[in-house]
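Below is the file final_36.tsv, which contains TSV, C-alpha atoms and all ligand atoms.
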chain	number	residue	atom	x	y	z
A	207	MET	CA	22.51	4.92	2.26
A	208	SER	CA	19.84	7.48	1.47
A	209	VAL	CA	19.13	9.10	-1.89
A	210	ALA	CA	20.95	12.47	-2.10
A	211	LYS	CA	18.50	15.30	-2.84
A	212	LYS	CA	20.10	16.36	-6.12
A	213	ASP	CA	20.17	12.75	-7.37
A	214	TYR	CA	16.45	12.16	-7.53
A	215	LYS	CA	13.58	13.01	-9.79
A	216	LYS	CA	10.06	12.83	-8.41
A	217	VAL	CA	8.31	9.59	-9.29
A	218	THR	CA	5.15	10.15	-11.34
A	219	THR	CA	2.70	7.84	-13.05
A	220	ASN	CA	4.73	8.44	-16.25
A	221	THR	CA	7.88	7.26	-14.46
A	222	LEU	CA	6.13	3.98	-13.64
A	223	ALA	CA	4.97	3.55	-17.26
A	224	GLU	CA	8.55	4.10	-18.44
A	225	MET	CA	9.86	1.64	-15.87
A	226	LYS	CA	7.55	-1.04	-17.23
A	227	GLN	CA	8.57	-0.25	-20.81
A	228	ASN	CA	12.26	-0.48	-19.86
A	229	GLY	CA	11.84	-3.65	-17.81
A	230	LYS	CA	12.77	-1.92	-14.54
A	231	LYS	CA	11.02	-3.29	-11.44
A	232	ILE	CA	8.90	-0.97	-9.28
A	233	SER	CA	9.30	-0.97	-5.48
A	234	MET	CA	6.29	-0.10	-3.34
A	235	LEU	CA	5.69	-0.19	0.44
A	236	THR	CA	2.91	1.01	2.67
A	237	ALA	CA	3.29	3.85	5.16
A	238	TYR	CA	0.79	5.56	7.41
A	239	ASP	CA	2.79	8.24	9.24
A	240	TYR	CA	5.26	11.09	8.69
A	241	THR	CA	8.34	9.54	10.33
A	242	LEU	CA	8.38	6.19	8.54
A	243	ALA	CA	7.32	7.77	5.23
A	244	LYS	CA	10.32	10.12	5.46
A	245	ILE	CA	12.68	7.20	6.13
A	246	ILE	CA	11.45	4.97	3.30
A	247	ASP	CA	11.25	7.90	0.87
A	248	SER	CA	14.88	8.85	1.48
A	249	ALA	CA	15.83	5.16	1.22
A	250	GLY	CA	14.65	5.26	-2.41
A	251	ILE	CA	11.22	3.61	-2.49
A	252	ASP	CA	9.36	4.37	-5.75
A	253	VAL	CA	5.75	4.28	-4.54
A	254	ILE	CA	4.25	4.70	-1.07
A	255	LEU	CA	0.80	3.23	-0.55
A	256	VAL	CA	-1.24	4.71	2.26
A	257	GLY	CA	-3.07	1.42	2.52
A	258	ASP	CA	-6.35	0.81	4.27
A	259	SER	CA	-4.26	-1.89	6.00
A	260	ALA	CA	-3.80	1.02	8.44
A	261	SER	CA	-7.08	-0.33	9.83
A	262	ASN	CA	-5.24	-3.52	10.88
A	263	VAL	CA	-1.71	-2.29	11.48
A	264	MET	CA	-2.33	1.10	13.09
A	265	ALA	CA	-5.76	0.67	14.68
A	266	GLY	CA	-5.79	-3.06	15.51
A	267	HIS	CA	-9.01	-3.91	13.66
A	268	GLU	CA	-9.46	-7.45	12.35
A	269	THR	CA	-10.36	-6.23	8.83
A	270	THR	CA	-9.86	-3.16	6.64
A	271	LEU	CA	-13.59	-2.38	6.69
A	272	PRO	CA	-13.84	-0.02	9.70
A	273	ILE	CA	-11.35	2.68	8.60
A	274	THR	CA	-13.07	5.91	7.53
A	275	LEU	CA	-12.39	8.43	4.78
A	276	ASP	CA	-11.28	11.05	7.33
A	277	GLN	CA	-8.93	8.58	9.02
A	278	MET	CA	-7.37	7.69	5.63
A	279	ILE	CA	-6.94	11.40	4.92
A	280	TYR	CA	-5.23	11.88	8.32
A	281	HIS	CA	-2.74	9.07	7.55
A	282	ALA	CA	-2.19	10.22	3.96
A	283	SER	CA	-1.55	13.86	4.85
A	284	SER	CA	1.01	12.74	7.47
A	285	VAL	CA	2.77	10.62	4.82
A	286	VAL	CA	2.73	13.42	2.22
A	287	ARG	CA	4.48	15.79	4.68
A	288	GLY	CA	7.32	13.26	4.97
A	289	ILE	CA	8.15	12.66	1.33
A	290	ASP	CA	10.21	14.37	-1.39
A	291	ARG	CA	10.41	11.78	-4.15
A	292	ALA	CA	7.96	8.87	-4.00
A	293	LEU	CA	4.55	8.72	-5.69
A	294	VAL	CA	1.87	8.57	-2.98
A	295	VAL	CA	-1.17	6.34	-3.62
A	296	VAL	CA	-4.07	6.59	-1.16
A	297	ASP	CA	-6.50	3.70	-0.65
A	298	MET	CA	-10.16	4.65	-0.92
A	299	PRO	CA	-11.73	3.03	2.15
A	300	PHE	CA	-14.64	0.60	2.16
A	301	GLY	CA	-17.94	2.44	1.65
A	302	SER	CA	-16.43	5.53	0.05
A	303	TYR	CA	-16.84	4.47	-3.60
A	304	GLN	CA	-19.10	1.41	-3.97
A	305	GLY	CA	-22.42	3.31	-3.69
A	306	ASN	CA	-22.35	5.19	-6.98
A	307	SER	CA	-19.86	6.95	-9.20
A	308	LEU	CA	-20.73	10.46	-7.97
A	309	GLU	CA	-20.08	9.43	-4.39
A	310	ALA	CA	-16.83	7.82	-5.54
A	311	LEU	CA	-15.78	11.03	-7.29
A	312	SER	CA	-16.51	13.22	-4.27
A	313	SER	CA	-14.57	10.82	-1.99
A	314	ALA	CA	-11.60	10.86	-4.37
A	315	ILE	CA	-11.69	14.66	-4.64
A	316	LYS	CA	-11.79	14.94	-0.83
A	317	ILE	CA	-8.73	12.67	-0.57
A	318	MET	CA	-6.77	14.67	-3.16
A	319	LYS	CA	-7.74	18.09	-1.70
A	320	GLU	CA	-7.27	17.30	1.98
A	321	SER	CA	-4.32	14.87	1.95
A	322	GLY	CA	-2.15	16.14	-0.91
A	323	GLY	CA	-1.76	12.52	-2.14
A	324	HIS	CA	-1.00	11.97	-5.81
A	325	SER	CA	-3.48	9.22	-6.72
A	326	VAL	CA	-6.09	6.82	-5.33
A	327	LYS	CA	-6.52	3.04	-5.28
A	328	LEU	CA	-9.85	1.17	-5.47
A	329	GLU	CA	-10.55	-2.55	-5.09
A	330	GLY	CA	-12.47	-4.37	-7.83
A	331	GLY	CA	-13.01	-4.68	-11.58
A	332	SER	CA	-16.17	-4.50	-13.70
A	333	GLU	CA	-18.39	-3.94	-10.61
A	334	ILE	CA	-16.83	-0.53	-9.95
A	335	ILE	CA	-15.75	0.51	-13.44
A	336	GLU	CA	-18.18	3.45	-13.59
A	337	SER	CA	-16.68	4.86	-10.40
A	338	ILE	CA	-13.17	4.46	-11.77
A	339	GLU	CA	-14.09	6.17	-15.04
A	340	ARG	CA	-15.76	9.06	-13.21
A	341	ILE	CA	-12.74	9.62	-10.94
A	342	LEU	CA	-10.46	9.57	-13.98
A	343	THR	CA	-12.55	12.29	-15.66
A	344	ALA	CA	-11.51	14.63	-12.84
A	345	GLY	CA	-7.84	14.07	-13.69
A	346	ILE	CA	-7.20	11.92	-10.63
A	347	PRO	CA	-4.83	9.00	-11.35
A	348	VAL	CA	-6.29	5.63	-10.35
A	349	MET	CA	-4.53	2.41	-9.36
A	350	GLY	CA	-6.66	-0.74	-9.55
A	351	HIS	CA	-6.55	-3.70	-7.14
A	352	LEU	CA	-7.55	-7.24	-8.19
A	353	GLY	CA	-7.21	-10.78	-6.85
A	354	LEU	CA	-7.59	-10.90	-3.08
A	355	THR	CA	-9.40	-7.67	-2.32
A	356	PRO	CA	-9.56	-7.47	1.50
A	357	GLN	CA	-12.58	-5.13	1.53
A	358	SER	CA	-14.58	-8.15	0.22
A	359	ILE	CA	-13.37	-10.53	2.94
A	360	TYR	CA	-16.89	-11.36	4.10
A	361	LYS	CA	-17.77	-12.38	0.54
A	362	PHE	CA	-14.61	-14.53	0.16
A	363	GLY	CA	-14.77	-15.89	3.72
A	364	THR	CA	-11.00	-16.43	3.83
A	365	TYR	CA	-7.71	-14.69	2.95
A	366	THR	CA	-6.58	-17.63	0.83
A	367	VAL	CA	-5.12	-17.43	-2.73
A	368	ARG	CA	-7.65	-16.19	-5.31
A	369	ALA	CA	-8.27	-17.12	-8.97
A	370	LYS	CA	-7.02	-20.69	-8.79
A	371	GLU	CA	-10.06	-21.80	-10.79
A	372	GLU	CA	-10.38	-20.98	-14.49
A	373	VAL	CA	-13.60	-18.95	-14.25
A	374	GLU	CA	-12.18	-16.57	-11.64
A	375	ALA	CA	-8.82	-16.39	-13.48
A	376	GLU	CA	-10.59	-15.43	-16.73
A	377	LYS	CA	-12.63	-12.74	-14.98
A	378	LEU	CA	-9.45	-11.39	-13.38
A	379	LEU	CA	-7.70	-11.14	-16.75
A	380	ALA	CA	-10.76	-9.47	-18.29
A	381	ASP	CA	-10.94	-7.02	-15.35
A	382	ALA	CA	-7.26	-6.16	-15.73
A	383	LYS	CA	-7.85	-5.31	-19.41
A	384	LEU	CA	-10.93	-3.27	-18.48
A	385	LEU	CA	-8.93	-1.25	-15.93
A	386	GLU	CA	-6.20	-0.64	-18.49
A	387	GLU	CA	-8.74	0.50	-21.11
A	388	ALA	CA	-10.45	2.77	-18.58
A	389	GLY	CA	-7.12	4.54	-18.00
A	390	CYS	CA	-5.78	3.21	-14.68
A	391	PHE	CA	-2.03	3.84	-14.39
A	392	ALA	CA	-1.23	0.56	-12.58
A	393	ILE	CA	-2.84	-2.44	-10.90
A	394	VAL	CA	-2.07	-4.20	-7.62
A	395	LEU	CA	-2.51	-7.97	-7.89
A	396	GLU	CA	-2.85	-9.64	-4.51
A	397	LYS	CA	-2.41	-13.33	-3.68
A	398	VAL	CA	-2.97	-15.03	-7.02
A	399	PRO	CA	-0.99	-17.85	-8.70
A	400	ALA	CA	2.35	-16.62	-10.09
A	401	GLN	CA	1.62	-17.99	-13.58
A	402	LEU	CA	-1.65	-16.07	-13.82
A	403	ALA	CA	-0.03	-12.88	-12.50
A	404	GLN	CA	2.69	-13.12	-15.15
A	405	LYS	CA	0.06	-13.65	-17.85
A	406	VAL	CA	-1.79	-10.52	-16.67
A	407	ALA	CA	1.43	-8.47	-16.60
A	408	GLU	CA	2.29	-9.62	-20.13
A	409	SER	CA	-1.24	-8.95	-21.43
A	410	ILE	CA	-1.51	-5.29	-20.44
A	411	SER	CA	0.74	-2.28	-20.96
A	412	ILE	CA	0.31	-0.72	-17.49
A	413	PRO	CA	2.46	-1.85	-14.54
A	414	VAL	CA	1.23	-4.76	-12.43
A	415	ILE	CA	2.49	-4.63	-8.86
A	416	GLY	CA	2.23	-7.89	-6.97
A	417	ILE	CA	1.84	-8.96	-3.37
A	418	GLY	CA	1.93	-12.74	-3.15
A	419	ALA	CA	1.75	-12.83	-6.96
A	420	GLY	CA	5.22	-14.13	-7.81
A	421	ALA	CA	8.17	-12.69	-9.69
A	422	GLY	CA	6.70	-12.33	-13.18
A	423	VAL	CA	5.06	-8.97	-12.51
A	424	ASP	CA	6.39	-5.41	-12.86
A	425	GLY	CA	6.93	-4.60	-9.20
A	426	GLN	CA	6.32	-5.68	-5.63
A	427	VAL	CA	4.49	-4.22	-2.65
A	428	LEU	CA	4.61	-5.25	1.02
A	429	VAL	CA	3.08	-3.85	4.17
A	430	LEU	CA	5.94	-1.97	5.85
A	431	HIS	CA	5.22	-3.24	9.37
A	432	ASP	CA	5.26	-6.84	8.09
A	433	MET	CA	8.59	-6.58	6.25
A	434	LEU	CA	10.16	-4.81	9.24
A	435	GLY	CA	9.14	-7.73	11.47
A	436	MET	CA	6.75	-5.79	13.69
A	437	THR	CA	3.81	-8.17	13.14
A	438	HIS	CA	4.82	-11.64	14.38
A	439	GLU	CA	1.35	-13.12	14.13
A	440	PHE	CA	1.13	-12.55	10.32
A	441	ASN	CA	3.10	-15.21	8.43
A	442	PRO	CA	2.01	-15.61	4.82
A	443	ARG	CA	4.36	-17.48	2.47
A	444	PHE	CA	4.96	-14.36	0.35
A	445	LEU	CA	6.30	-12.25	3.22
A	446	ARG	CA	10.06	-11.64	3.40
A	447	ARG	CA	11.12	-10.07	6.71
A	448	TYR	CA	14.12	-7.74	6.50
A	449	LEU	CA	14.26	-6.96	10.25
A	450	ASN	CA	12.94	-8.37	13.46
A	451	LEU	CA	11.88	-5.02	14.85
A	452	ALA	CA	9.32	-6.37	17.33
A	453	ASP	CA	12.13	-8.22	19.16
A	454	ASP	CA	14.50	-5.25	18.88
A	455	ILE	CA	11.88	-2.87	20.30
A	456	THR	CA	11.00	-5.31	23.09
A	457	GLY	CA	14.70	-5.55	24.04
A	458	ALA	CA	15.15	-1.77	23.98
A	459	VAL	CA	12.06	-1.17	26.13
A	460	GLN	CA	13.12	-3.87	28.62
A	461	SER	CA	16.57	-2.22	28.94
A	462	TYR	CA	14.94	1.19	29.47
A	463	VAL	CA	12.58	-0.15	32.15
A	464	GLN	CA	15.53	-1.77	33.92
A	465	ASP	CA	17.64	1.42	33.69
A	466	VAL	CA	14.83	3.57	35.10
A	467	LYS	CA	14.08	1.17	37.96
A	468	SER	CA	17.75	0.77	38.90
A	469	ALA	CA	18.22	4.58	38.72
A	470	ASP	CA	20.94	4.05	36.08
A	471	PHE	CA	19.01	6.44	33.78
A	472	PRO	CA	19.50	9.38	33.65
A	473	ASN	CA	23.19	9.62	34.49
A	474	GLU	CA	25.10	12.86	35.12
A	475	LYS	CA	25.64	13.57	31.42
A	476	GLU	CA	21.93	13.13	30.72
A	477	GLN	CA	20.75	15.89	33.01
A	478	TYR	CA	21.03	19.71	33.26
B	501	LIG	O1	-3.97	-1.77	2.17
B	501	LIG	C1	-2.92	-2.29	1.76
B	501	LIG	O2	-1.89	-2.33	2.45
B	501	LIG	C2	-2.91	-2.89	0.43
B	501	LIG	C3	-1.73	-3.71	0.04
B	501	LIG	C4	-1.78	-5.01	0.70
B	501	LIG	C5	-1.58	-3.80	-1.41
B	501	LIG	O3	-3.85	-2.72	-0.29

Let me see whether you can do it: turn the structure in this file into structure tokens.
Amino acid sequence: MSVAKKDYKKVTTNTLAEMKQNGKKISMLTAYDYTLAKIIDSAGIDVILVGDSASNVMAGHETTLPITLDQMIYHASSVVRGIDRALVVVDMPFGSYQGNSLEALSSAIKIMKESGGHSVKLEGGSEIIESIERILTAGIPVMGHLGLTPQSIYKFGTYTVRAKEEVEAEKLLADAKLLEEAGCFAIVLEKVPAQLAQKVAESISIPVIGIGAGAGVDGQVLVLHDMLGMTHEFNPRFLRRYLNLADDITGAVQSYVQDVKSADFPNEKEQY
């Protein structure tokens, strides 16, 4: 069942703040193209993240590092054309904000101007706080991202759970407070212990949206292609698959190939 046009109000950063205040959970999924964005928007998703996971899912790269600012803008503008209701968050790609805060601001402005997205997301805490503050001065809403931050994969060395040790957990909590104070409207918390994630969500007033961060946070995000079962090789514990689309697509394509080869397709009704 899709959301009837008259029944919805556009989701804004204020909507998300109210949802946290009222204890209502926030739903977020990634999308990278017009067609799937249109489907998940009309299905009632609150937030669409144009994630730099497009680098993996759409382009087949091993990491999120290679995707460029222009490629992110291409994906984001396609998504924006497909949506009526959801808030669109656009990932700032690796290398577009770490240099200095002026560079970060000009990258964020380029994203907002050329994609029509509603906000940006950056990975990191105290190390990039100047960039976050500078972007916020331009009136651009910022979502933070802490815990496992895939743009730092070569520093971490592995995609395993982060902040299991006290020192890293304390820094994560301090970073979350810093992002809140700076004026971020929400934070994504990726792959951290559920207890720590709940503590973070209870310690700050902005929504915390988890991926592999347990149930004690204010919302959940998954990569769309993973939850639709299009990526068989990716099997983290936190992933719930709602479809097995890879198998369904394989079956459909096999049937089509067979129908073409046996001259069953097209039949008389399927021609002019
Ligand atoms: O790029 C992405 O898809 C993300 C999510 C995993 C949160 O950042």

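Minimum atom-to-atom distance to A:Glu408, evaluated using all atoms listed in the file, belongs to A:Leu379 out of A:Leu293, A:Ile251, A:Ile334, A:Leu379.
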
query = Neighbours of A:Ile245 within 12 Å (only C-alpha atoms; same-chain residues fewer than 2 positions away dropped), as a list of chain:residue names?
reply =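 Counting only C-alpha atoms, the residues come to A:Met207, A:Ser208, A:Val209, A:Leu235, A:Ala237, A:Asp239, A:Tyr240, A:Thr241, A:Leu242, A:Ala243, A:Asp247, A:Ser248, A:Ala249, A:Gly250, A:Ile251, A:Ile254, A:Val285, A:Arg287, A:Gly288, A:Ile289, A:Asp290, A:Arg291, A:Ala292, A:Leu430.
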
Hey, can you spit out that residue selection with C-alpha atoms as an mmCIF file, in the frame of the given file?
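Output file out.cif follows:
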data_model
loop_
_atom_site.group_PDB
_atom_site.id
_atom_site.type_symbol
_atom_site.label_atom_id
_atom_site.label_comp_id
_atom_site.auth_asym_id
_atom_site.auth_seq_id
_atom_site.Cartn_x
_atom_site.Cartn_y
_atom_site.Cartn_z
ATOM 1 C CA MET A 207 22.510 4.920 2.260
ATOM 2 C CA SER A 208 19.840 7.480 1.470
ATOM 3 C CA VAL A 209 19.130 9.100 -1.890
ATOM 4 C CA LEU A 235 5.690 -0.190 0.440
ATOM 5 C CA ALA A 237 3.290 3.850 5.160
ATOM 6 C CA ASP A 239 2.790 8.240 9.240
ATOM 7 C CA TYR A 240 5.260 11.090 8.690
ATOM 8 C CA THR A 241 8.340 9.540 10.330
ATOM 9 C CA LEU A 242 8.380 6.190 8.540
ATOM 10 C CA ALA A 243 7.320 7.770 5.230
ATOM 11 C CA ASP A 247 11.250 7.900 0.870
ATOM 12 C CA SER A 248 14.880 8.850 1.480
ATOM 13 C CA ALA A 249 15.830 5.160 1.220
ATOM 14 C CA GLY A 250 14.650 5.260 -2.410
ATOM 15 C CA ILE A 251 11.220 3.610 -2.490
ATOM 16 C CA ILE A 254 4.250 4.700 -1.070
ATOM 17 C CA VAL A 285 2.770 10.620 4.820
ATOM 18 C CA ARG A 287 4.480 15.790 4.680
ATOM 19 C CA GLY A 288 7.320 13.260 4.970
ATOM 20 C CA ILE A 289 8.150 12.660 1.330
ATOM 21 C CA ASP A 290 10.210 14.370 -1.390
ATOM 22 C CA ARG A 291 10.410 11.780 -4.150
ATOM 23 C CA ALA A 292 7.960 8.870 -4.000
ATOM 24 C CA LEU A 430 5.940 -1.970 5.850
#

key: Interatomic distance, atom CA of A:Gln357 to atom CA of A:Asn262 (Å, one decimal)   = 12.0 Å

Box dimensions and centre (Å, one decimal) enclosing ligand LIG 501 (chain B), axis-aligned, 8 Å extra per side, as lines of an AutoDock Vina configuration file:
center_x = -2.8
center_y = -3.4
center_z = 0.5
size_x = 18.4
size_y = 19.2
size_z = 19.9

message = Between atom CA of A:Ile455 and atom CA of A:Met436, what distance in Å does the model show, to one decimal?
response =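 That distance, rounded to one decimal, is 8.9 Å.
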
message = Hey, which residues sit close to ligand LIG 501 (chain B)? Say within 7 Å, counting only C-alpha atoms and all ligand atoms, and write them as a list in words.
response =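 Written in the requested form, the residues are Thr236, Leu255, Gly257, Asp258, Ser259, Ala260, Asp297, Val394, Glu396, Ile417, Val427, Leu428 and Val429 of chain A.
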
key: Distance query stretch 445-453 of chain A at most 7 Å, all atoms listed in the file, self and fewer than 3 positions along chain excluded, as a PyMOL selection string   = chain A and resi 432-436+441-442+456-457

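Shortest separation to A:Pro413 among A:Met349, A:Ile359, A:Leu271, A:Ala265 occurs at residue A:Met349, atoms counted being all atoms listed in the file.
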
Report as JSON lines: every residue of stretch 374-478 of chain A with an atom at most 12 Å from stretch 340-345 of chain A, its closest pair of atoms, and their distance in Å to one decimal, counting only C-alpha atoms, with rows sorted by chain and ascending residue number.
{"residue": "A:Leu385", "atom": "CA", "partner": "A:Leu342", "partner_atom": "CA", "distance": 11.1}
{"residue": "A:Glu386", "atom": "CA", "partner": "A:Leu342", "partner_atom": "CA", "distance": 11.9}
{"residue": "A:Glu387", "atom": "CA", "partner": "A:Leu342", "partner_atom": "CA", "distance": 11.7}
{"residue": "A:Ala388", "atom": "CA", "partner": "A:Leu342", "partner_atom": "CA", "distance": 8.2}
{"residue": "A:Gly389", "atom": "CA", "partner": "A:Leu342", "partner_atom": "CA", "distance": 7.3}
{"residue": "A:Cys390", "atom": "CA", "partner": "A:Leu342", "partner_atom": "CA", "distance": 7.9}
{"residue": "A:Phe391", "atom": "CA", "partner": "A:Leu342", "partner_atom": "CA", "distance": 10.2}

task = Take atom CA of A:Val296 and atom CA of A:Ile246 and report the distance between them in Å, one decimal.
result =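 Those two atoms sit 16.2 Å apart.
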
message = Under the rule that all atoms listed in the file are counted, which of A:His431, A:Arg443, A:Glu376, A:Lys215 is the nearest residue to A:Lys397?
response =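 Closest to A:Lys397, using all atoms listed in the file: A:Arg443.
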
query = Near A:Val326, counting all atoms listed in the file, which residues have an atom at most 9 Å away, once you skip same-chain residues fewer than 2 positions from it, shown as a VMD selection string?
reply = chain A and resid 294 to 298 314 317 to 318 323 to 324 328 346 to 350

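The shortest atom-to-atom distance to A:Val217, with all atoms listed in the file taken into account, belongs to A:Asp252 out of A:Glu374, A:Gly266, A:Met234, A:Asp252.
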
task = Show which residues sit within 8 Å of A:Gly331, as a PyMOL selection string. Count all atoms listed in the file, and ignore same-chain residues fewer than 3 positions away.
result = chain A and resi 334-335+350-352+378+381-382+384-385

message = Could you list, as a ChimeraX atom specification, every residue within 9 Å of A:Tyr365, counting only C-alpha atoms and ignoring same-chain residues fewer than 3 positions away?
response = /A:354-356,359,362,368,397

remark   = Closest of A:Lys244, A:Lys319, A:His438, A:Lys226 to A:Asp276, counting only C-alpha atoms, is A:Lys319

task = Pick out the closest residue to A:Ser261 from this set: A:Ala282, A:Gly322, A:Thr274, A:Ser313. Count all atoms listed in the file.
result =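 So, comparing all the options, the nearest one is A:Thr274.
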
Take stretch 344-352 of chain A, bring it up to all heavy atoms, and give me the output as a tab-separated table (two decimals), keeping the file's coordinate frame.
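Result file follows (out-v6.tsv):
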chain	number	residue	atom	x	y	z
A	344	ALA	N	-11.93	13.45	-13.62
A	344	ALA	CA	-11.51	14.63	-12.84
A	344	ALA	C	-9.99	14.79	-12.85
A	344	ALA	O	-9.46	15.67	-12.16
A	344	ALA	CB	-12.01	14.49	-11.40
A	345	GLY	N	-9.30	13.95	-13.61
A	345	GLY	CA	-7.84	14.07	-13.69
A	345	GLY	C	-7.13	13.44	-12.50
A	345	GLY	O	-5.95	13.74	-12.24
A	346	ILE	N	-7.82	12.58	-11.79
A	346	ILE	CA	-7.20	11.92	-10.63
A	346	ILE	C	-6.68	10.55	-11.08
A	346	ILE	O	-7.46	9.70	-11.54
A	346	ILE	CB	-8.23	11.73	-9.49
A	346	ILE	CG1	-8.77	13.10	-9.05
A	346	ILE	CG2	-7.61	10.98	-8.32
A	346	ILE	CD1	-9.92	13.02	-8.06
A	347	PRO	N	-5.36	10.31	-10.95
A	347	PRO	CA	-4.83	9.00	-11.35
A	347	PRO	C	-5.36	7.89	-10.46
A	347	PRO	O	-5.44	8.05	-9.24
A	347	PRO	CB	-3.31	9.16	-11.19
A	347	PRO	CG	-3.07	10.63	-11.16
A	347	PRO	CD	-4.29	11.23	-10.52
A	348	VAL	N	-5.70	6.76	-11.09
A	348	VAL	CA	-6.29	5.63	-10.35
A	348	VAL	C	-5.44	4.38	-10.51
A	348	VAL	O	-5.07	4.00	-11.62
A	348	VAL	CB	-7.73	5.34	-10.85
A	348	VAL	CG1	-8.29	4.07	-10.18
A	348	VAL	CG2	-8.66	6.51	-10.57
A	349	MET	N	-5.17	3.74	-9.37
A	349	MET	CA	-4.53	2.41	-9.36
A	349	MET	C	-5.63	1.39	-9.05
A	349	MET	O	-6.44	1.60	-8.14
A	349	MET	CB	-3.45	2.38	-8.27
A	349	MET	CG	-2.75	1.04	-8.10
A	349	MET	SD	-1.49	1.10	-6.79
A	349	MET	CE	-0.05	1.59	-7.74
A	350	GLY	N	-5.68	0.31	-9.82
A	350	GLY	CA	-6.66	-0.74	-9.55
A	350	GLY	C	-6.11	-1.75	-8.54
A	350	GLY	O	-4.93	-1.71	-8.18
A	351	HIS	N	-6.96	-2.65	-8.11
A	351	HIS	CA	-6.55	-3.70	-7.14
A	351	HIS	C	-7.43	-4.91	-7.39
A	351	HIS	O	-8.64	-4.86	-7.18
A	351	HIS	CB	-6.70	-3.16	-5.72
A	351	HIS	CG	-6.21	-4.10	-4.64
A	351	HIS	ND1	-5.79	-3.65	-3.41
A	351	HIS	CD2	-6.07	-5.44	-4.60
A	351	HIS	CE1	-5.42	-4.69	-2.66
A	351	HIS	NE2	-5.60	-5.79	-3.36
A	352	LEU	N	-6.81	-6.01	-7.87
A	352	LEU	CA	-7.55	-7.24	-8.19
A	352	LEU	C	-6.96	-8.44	-7.46
A	352	LEU	O	-5.88	-8.34	-6.89
A	352	LEU	CB	-7.49	-7.49	-9.71
A	352	LEU	CG	-8.09	-6.41	-10.63
A	352	LEU	CD1	-7.76	-6.72	-12.10
A	352	LEU	CD2	-9.60	-6.29	-10.44
